[in-house]
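Colleague: Just coords-v7.txt, nothing more (compact mmCIF, C-alpha atoms):
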```txt
# COMPACT_ATOMS: atom_id res chain seq x y z
CA MET N 1 22.26 2.34 12.08
CA ARG N 2 21.63 1.96 15.78
CA ARG N 3 25.11 3.31 16.52
CA ALA N 4 24.52 6.24 14.16
CA ALA N 5 21.22 6.99 15.89
CA LEU N 6 22.94 6.89 19.29
CA ALA N 7 25.71 9.16 18.03
CA PHE N 8 23.09 11.54 16.63
CA ALA N 9 21.22 11.59 19.93
CA ALA N 10 24.48 12.21 21.80
CA LEU N 11 25.30 15.12 19.53
CA LEU N 12 21.85 16.62 19.97
CA ALA N 13 22.25 16.32 23.73
CA ALA N 14 25.66 17.99 23.46
CA ALA N 15 24.12 20.78 21.39
CA LEU N 16 21.41 21.34 24.00
CA ILE N 17 24.00 21.39 26.78
CA THR N 18 26.06 23.86 24.76
CA LEU N 19 23.00 26.05 24.22
CA ALA N 20 22.19 25.87 27.91
CA GLY N 21 25.79 26.89 28.62
CA CYS N 22 25.30 29.85 26.34
CA ALA N 23 22.29 31.09 28.34
CA GLY N 24 22.70 34.78 28.89
CA GLN N 25 24.88 35.03 25.80
CA THR N 26 23.73 36.71 22.60
CA PHE N 27 22.81 34.97 19.39
CA SER N 28 20.96 37.48 17.27
CA PHE N 29 20.46 38.54 13.70
CA LEU N 30 20.12 42.29 13.28
CA SER N 31 19.44 44.33 10.20
CA VAL N 32 19.23 47.98 9.25
CA ARG N 33 17.06 48.92 6.27
CA MET N 34 16.21 52.07 4.41
CA LYS N 35 13.70 53.10 1.76
CA GLY N 36 12.30 56.27 0.27
CA GLY N 37 8.67 57.26 0.04
CA GLU N 38 6.33 60.18 -0.47
CA SER N 39 6.48 61.11 3.19
CA GLY N 40 10.27 60.99 3.35
CA ILE N 41 13.13 58.63 3.95
CA TYR N 42 12.37 55.75 6.23
CA ALA N 43 14.93 53.68 8.14
CA ALA N 44 14.47 50.72 10.47
CA ALA N 45 16.66 48.64 12.70
CA ILE N 46 15.19 45.18 13.18
CA ASN N 47 16.02 42.34 15.53
CA GLU N 48 15.18 39.61 13.02
CA PHE N 49 16.00 36.66 15.20
CA THR N 50 17.41 36.07 18.63
CA LEU N 51 17.82 33.07 20.90
CA SER N 52 18.35 34.96 24.12
CA SER N 53 15.58 36.64 26.03
CA GLN N 54 17.54 39.80 26.69
CA LYS N 55 16.88 42.86 24.55
CA ILE N 56 19.60 44.61 22.60
CA PRO N 57 19.94 48.38 23.11
CA VAL N 58 20.04 50.02 19.69
CA THR N 59 20.48 53.61 18.52
CA LEU N 60 19.34 54.21 14.96
CA THR N 61 20.47 57.33 13.12
CA LEU N 62 19.66 58.58 9.65
CA TYR N 63 22.40 60.63 7.93
CA TYR N 64 22.05 63.05 5.07
CA SER N 65 24.20 65.03 2.69
CA ALA N 66 22.93 67.21 -0.15
CA GLU N 67 26.13 67.02 -2.15
CA SER N 68 28.27 64.03 -1.30
CA ASN N 69 27.89 60.28 -0.87
CA ASP N 70 30.85 60.24 1.49
CA THR N 71 29.60 59.31 4.94
CA ALA N 72 32.20 61.62 6.46
CA ASP N 73 30.36 64.61 4.94
CA MET N 74 26.94 63.53 6.15
CA TYR N 75 25.18 64.75 9.23
CA ALA N 76 22.50 63.20 11.38
CA VAL N 77 18.96 64.30 10.57
CA GLU N 78 17.01 61.88 12.71
CA SER N 79 17.76 59.49 15.52
CA ALA N 80 15.97 57.18 17.92
CA ARG N 81 16.93 54.81 20.69
CA GLY N 82 15.28 51.61 21.85
CA GLU N 83 15.74 48.08 23.07
CA LEU N 84 14.93 45.38 20.58
CA GLY N 85 13.73 41.89 21.40
CA MET N 86 12.94 39.16 18.92
CA GLY N 87 11.05 40.56 15.91
CA GLU N 88 10.97 44.11 17.26
CA ARG N 89 11.94 47.12 15.20
CA LEU N 90 13.02 50.71 15.72
CA GLU N 91 11.85 53.13 13.06
CA ILE N 92 12.70 56.67 12.10
CA GLU N 93 11.68 58.91 9.25
CA ALA N 94 13.16 62.10 7.87
CA ASP N 95 12.18 64.65 5.26
CA CYS N 96 13.79 64.25 1.86
CA GLY N 97 15.26 67.73 2.14
CA GLY N 98 15.05 68.43 -1.55
CA GLY N 99 16.92 65.26 -2.34
CA GLY N 100 20.43 64.07 -1.58
CA TRP N 101 22.39 61.18 -0.13
CA PHE N 102 21.17 59.18 2.81
CA CYS N 103 22.42 56.32 4.90
CA ALA N 104 21.29 54.67 8.13
CA ARG N 105 23.42 53.47 10.98
CA ALA N 106 22.46 51.25 13.88
CA GLU N 107 24.68 51.25 16.95
CA PHE N 108 24.11 48.49 19.44
CA TYR N 109 25.74 47.23 22.59
CA VAL N 110 26.55 43.60 23.25
CA ASP N 111 28.38 42.62 26.43
CA GLY N 112 29.00 46.31 26.99
CA GLN N 113 30.85 46.60 23.69
CA ARG N 114 29.68 49.02 21.03
CA GLN N 115 29.09 47.60 17.54
CA GLU N 116 27.40 49.04 14.50
CA ILE N 117 25.79 48.29 11.15
CA ILE N 118 25.76 50.87 8.39
CA SER N 119 23.55 50.66 5.34
CA ASP N 120 24.66 51.54 1.83
CA THR N 121 24.48 55.16 0.83
CA VAL N 122 21.49 55.82 -1.42
CA GLN N 123 20.62 58.92 -3.43
CA TYR N 124 16.98 60.13 -3.41
CA ASP N 125 15.28 62.98 -5.21
CA GLY N 126 13.00 65.50 -3.50
CA SER N 127 10.03 63.13 -3.85
CA GLY N 128 11.76 60.26 -2.11
CA ASN N 129 12.43 58.31 -5.28
CA ARG N 130 15.71 56.47 -5.57
CA VAL N 131 17.94 58.12 -8.14
CA MET W 1 4.81 -28.55 -2.73
CA ASP W 2 8.20 -30.29 -2.62
CA PHE W 3 10.36 -31.51 -5.49
CA ARG W 4 8.88 -35.01 -5.37
CA GLU W 5 5.33 -33.71 -5.72
CA ARG W 6 6.30 -31.32 -8.51
CA LEU W 7 7.85 -34.23 -10.41
CA ILE W 8 4.67 -36.31 -10.09
CA LYS W 9 2.59 -33.32 -11.15
CA LEU W 10 4.84 -32.81 -14.16
CA ARG W 11 4.42 -36.44 -15.22
CA ASP W 12 0.65 -36.28 -14.74
CA GLU W 13 0.35 -33.08 -16.76
CA ASN W 14 2.18 -34.78 -19.61
CA LYS W 15 0.05 -37.94 -19.19
CA LEU W 16 3.07 -40.20 -18.95
CA SER W 17 3.66 -43.41 -17.07
CA GLN W 18 6.80 -43.77 -14.97
CA GLN W 19 8.25 -46.00 -17.71
CA GLU W 20 7.51 -43.46 -20.46
CA MET W 21 9.05 -40.68 -18.43
CA ALA W 22 12.10 -42.83 -17.69
CA ASP W 23 12.49 -43.57 -21.40
CA ARG W 24 12.37 -39.88 -22.30
CA LEU W 25 14.97 -39.06 -19.66
CA GLY W 26 17.21 -42.04 -20.41
CA VAL W 27 16.93 -43.54 -16.92
CA THR W 28 15.27 -46.66 -15.55
CA ARG W 29 11.67 -46.78 -14.30
CA GLN W 30 13.01 -47.59 -10.82
CA THR W 31 14.99 -44.38 -10.80
CA VAL W 32 11.88 -42.32 -11.57
CA SER W 33 10.01 -44.31 -8.94
CA ARG W 34 12.69 -43.53 -6.32
CA TRP W 35 12.58 -39.80 -7.22
CA GLU W 36 8.80 -39.72 -6.84
CA ALA W 37 8.98 -41.65 -3.58
CA GLY W 38 11.53 -39.17 -2.26
CA LYS W 39 14.08 -41.89 -1.75
CA SER W 40 16.59 -40.22 -4.03
CA THR W 41 16.98 -37.00 -6.00
CA PRO W 42 18.13 -36.49 -9.57
CA SER W 43 21.62 -35.20 -10.28
CA ILE W 44 22.19 -31.76 -11.75
CA ALA W 45 22.59 -33.29 -15.20
CA GLN W 46 19.32 -35.19 -14.76
CA ILE W 47 17.51 -32.03 -13.61
CA ALA W 48 18.84 -30.26 -16.71
CA SER W 49 17.57 -33.17 -18.78
CA ILE W 50 14.08 -32.98 -17.21
CA CYS W 51 13.91 -29.24 -17.87
CA ARG W 52 15.05 -29.67 -21.46
CA GLU W 53 12.70 -32.57 -22.15
CA PHE W 54 9.59 -30.93 -20.69
CA GLY W 55 10.44 -27.34 -21.56
CA ILE W 56 10.34 -25.96 -18.03
CA ASP W 57 12.60 -23.65 -16.07
CA ALA W 58 14.92 -25.19 -13.47
CA ASN W 59 13.89 -22.52 -10.95
CA GLU W 60 10.28 -23.51 -11.43
CA LEU W 61 11.08 -27.20 -10.97
CA LEU W 62 13.22 -26.58 -7.90
CA ASP W 63 10.91 -23.82 -6.62
CA CYS W 64 13.71 -21.35 -5.95
CA ASP W 65 12.29 -18.29 -7.71
CA GLU W 66 11.88 -15.99 -4.76
CA GLN W 67 12.78 -16.84 -1.24
CA PRO W 68 10.36 -15.23 1.17
CA GLN W 69 12.04 -12.86 3.58
CA LYS W 70 12.45 -14.18 7.04
CA PRO W 71 10.16 -12.27 9.41
CA GLU W 72 13.07 -11.19 11.63
CA GLU W 73 15.06 -9.93 8.67
CA ALA W 74 12.05 -8.03 7.36
CA LYS W 75 11.47 -6.54 10.81
CA THR W 76 15.11 -5.39 11.09
CA ARG W 77 14.99 -3.88 7.61
CA GLY W 78 11.75 -2.13 8.51
CA LYS W 79 13.29 -0.63 11.64
CA LYS W 80 16.35 0.55 9.72
CA PHE W 81 14.15 2.10 7.08
CA VAL W 82 12.06 3.94 9.67
CA ALA W 83 15.18 5.25 11.45
CA ALA W 84 16.73 6.40 8.18
CA ALA W 85 13.44 7.97 7.13
CA ILE W 86 13.19 9.89 10.43
CA VAL W 87 16.75 11.23 10.19
CA LEU W 88 16.39 12.15 6.53
CA GLY W 89 12.95 13.62 7.19
CA ALA W 90 14.37 15.83 9.93
CA LEU W 91 17.22 16.99 7.68
CA PHE W 92 14.82 17.62 4.81
CA ALA W 93 12.45 19.57 7.06
CA ALA W 94 15.36 21.70 8.29
CA ALA W 95 16.49 22.35 4.71
CA LEU W 96 12.93 23.19 3.65
CA ALA W 97 12.47 25.54 6.60
CA GLY W 98 15.76 27.22 5.69
CA LEU W 99 14.62 27.63 2.10
CA ILE W 100 11.27 29.12 3.13
CA VAL W 101 12.91 31.52 5.57
CA THR W 102 15.39 32.56 2.87
CA ILE W 103 12.61 33.22 0.34
CA VAL W 104 10.52 35.16 2.86
CA TYR W 105 13.58 37.16 3.84
CA ALA W 106 14.46 37.89 0.19
CA VAL W 107 10.90 39.09 -0.50
CA LYS W 108 11.03 41.31 2.59
CA ASP W 109 14.46 42.59 1.56
CA ALA W 110 13.19 43.58 -1.88
CA GLN W 111 10.77 46.07 -0.30
CA TYR W 112 13.66 48.27 0.81
CA ASP W 113 16.19 50.27 -1.17
CA THR W 114 19.09 49.02 0.91
CA SER W 115 19.68 46.74 3.83
CA SER W 116 22.61 45.53 5.86
CA THR W 117 22.57 42.64 8.23
CA VAL W 118 24.81 41.22 10.90
CA TRP W 119 24.86 38.14 13.09
CA VAL W 120 25.71 38.98 16.65
CA VAL W 121 27.04 35.89 18.38
CA THR W 122 28.71 35.81 21.72
CA ILE W 123 29.92 32.68 23.45
CA PRO W 124 31.13 32.11 27.01
CA GLN W 125 34.51 33.81 27.28
CA ASN W 126 36.37 30.70 28.36
CA THR W 127 35.10 28.53 25.47
CA PRO W 128 38.04 27.54 23.31
CA MET W 129 37.31 27.88 19.60
CA ILE W 130 38.72 24.42 19.04
CA VAL W 131 35.78 22.94 20.99
CA LEU W 132 33.30 24.65 18.70
CA CYS W 133 35.24 23.56 15.61
CA VAL W 134 35.31 19.93 16.74
CA PHE W 135 31.62 20.03 17.57
CA LEU W 136 30.73 21.45 14.16
CA GLY W 137 33.08 18.99 12.45
CA ILE W 138 31.44 15.99 14.13
CA PHE W 139 27.99 17.27 13.26
CA MET W 140 28.90 17.71 9.59
CA ALA W 141 30.56 14.28 9.51
CA LEU W 142 27.40 12.74 10.91
CA ILE W 143 25.26 14.31 8.21
CA ALA W 144 27.74 13.10 5.57
CA ALA W 145 27.65 9.59 7.08
CA VAL W 146 23.85 9.45 6.95
CA PHE W 147 23.95 10.63 3.34
CA ALA W 148 26.60 8.01 2.43
CA TYR W 149 24.59 5.28 4.18
CA VAL W 150 21.47 6.13 2.20
CA VAL W 151 23.41 6.21 -1.09
CA ILE W 152 25.09 2.84 -0.37
CA GLN W 153 21.79 1.25 0.65
CA GLY W 154 20.19 2.61 -2.53
CA ARG W 155 22.94 1.07 -4.69
CA ARG W 156 22.66 -2.29 -2.94
CA LYS W 157 18.96 -2.42 -3.73
```
Translate this structure into structure tokens?
Modeller:
Amino acid sequence: MRRAALAFAALLAAALITLAGCAGQTFSFLSVRMKGGESGIYAAAINEFTLSSQKIPVTLTLYYSAESNDTADMYAVESARGELGMGERLEIEADCGGGGWFCARAEFYVDGQRQEIISDTVQYDGSGNRV
Amino acid sequence: MDFRERLIKLRDENKLSQQEMADRLGVTRQTVSRWEAGKSTPSIAQIASICREFGIDANELLDCDEQPQKPEEAKTRGKKFVAAAIVLGALFAAALAGLIVTIVYAVKDAQYDTSSTVWVVTIPQNTPMIVLCVFLGIFMALIAAVFAYVVIQGRRK
């Protein structure tokens, strides 16, 4: 048991050293969410969890199409840019436009490389209710 | 109370003289006298005979029901138990925290029509993946070892 405890302590120390070695690196959990409401379609990009102190630059865009759920046919109706730290969110809202297909996309940059998250495509009616 | 004293007590309780006891056991009075004086001890067959004749348990006569734990042994066991409890407690707390976070996240998720998530993890560019794999492997093996230890200890008890 004593050996196991020593091994456990050694591994914890190794983990801390590894984490220290990763200082300045990114370890984050990002999400992009969307929902409809009376005032319109709401989208948010959220930095749910991060270990590093640096903020992640994010561009959130809401796309819309009146006729198709194909993202290639959609066009941007709203966009915002911000830097997200732990627990911070970037929000945008767009008019329902008489109903149609919507999706949200968050572009972010890590180590100078562009990455993105795209939500599912959801159909809403003119009142912002999910169809 | 040693064997000699227990034998005397047994004879007294049955209100027997040494001769009467010797007669019931099929030995001489001198033999009983030597047992009670601690000069000799009965054989296994004679102990069995005493137990049969007076209707008592051999463990009771020999006083070997439960051996008290040696203080050092008890101390060592106590330390092992505390260490195991700490490790298991930490693992349980981590699992519980994970469960709570998952539930909170699921509740939050349900408030939206759609959501997508991504883990963004970057590591130092010169870190070989094999190092991370070995590290994770050792960590998982350690958890498995602690689990196996607890199961084995549980079965022994």
Colleague: What's around W:Val27 at 10 Å? Count all atoms listed in the file, leave out sequence neighbours fewer than 6 positions away in its own chain, and write the answer as a list in words.
Modeller: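 The contact residues come out as Gln19, Met21 and Gln46 of chain W.
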Colleague: For chain N, report every residue with an atom at most 7 Å from chain W (counting only C-alpha atoms), formatted as a VMD selection string.
Modeller: chain N and resid 1 22 25 to 35 117 to 120
Colleague: I'd like the neighbourhood of N:Asp95 as an MDAnalysis selection string, where a residue qualifies if any of its atoms comes within 9 Å (using all atoms listed in the file), though same-chain residues fewer than 2 positions away should be ignored.
Modeller: chainID N and resid 39:42 77 93 97:99 126 128
Colleague: Take atom CA of N:Phe49 and atom CA of N:Ala106 and report the distance between them in Å, one decimal.
Modeller: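 Value for the atom CA of N:Phe49-atom CA of N:Ala106 distance: 16.0 Å.
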Colleague: Taking (26.2, 54.4, -1.3) in the file's coordinates as the center, which residues reach within 9 Å of it, counting only C-alpha atoms, put as JSON, numbers by chain?
Modeller: {"N": [69, 70, 71, 101, 102, 103, 119, 120, 121, 122, 123]}
Colleague: In Å, with one decimal, what is the gap from atom CA of N:Gly85 to atom CA of N:Ile56?
Modeller: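 These atoms are spaced 6.6 Å apart.
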Colleague: Counting all atoms listed in the file, which residues sit no farther than 10 Å from the position (17.0, 56.3, 21.6) in the file's frame? I'd like them as a ChimeraX atom specification.
Modeller: /N:57-61,79-83,90
Colleague: Would you work out the distance separating atom CA of N:Ala44 from atom CA of N:Ala104, expressed in Å to one decimal?
Modeller: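 Those two atoms sit 8.2 Å apart.
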Colleague: Tell me, as a PyMOL selection string, which residues lie within 9 Å of stretch 9-11 of chain W, counting only C-alpha atoms; anything in the same chain fewer than 5 positions away does not count.
Modeller: chain W and resi 4+16-18+21+54+61
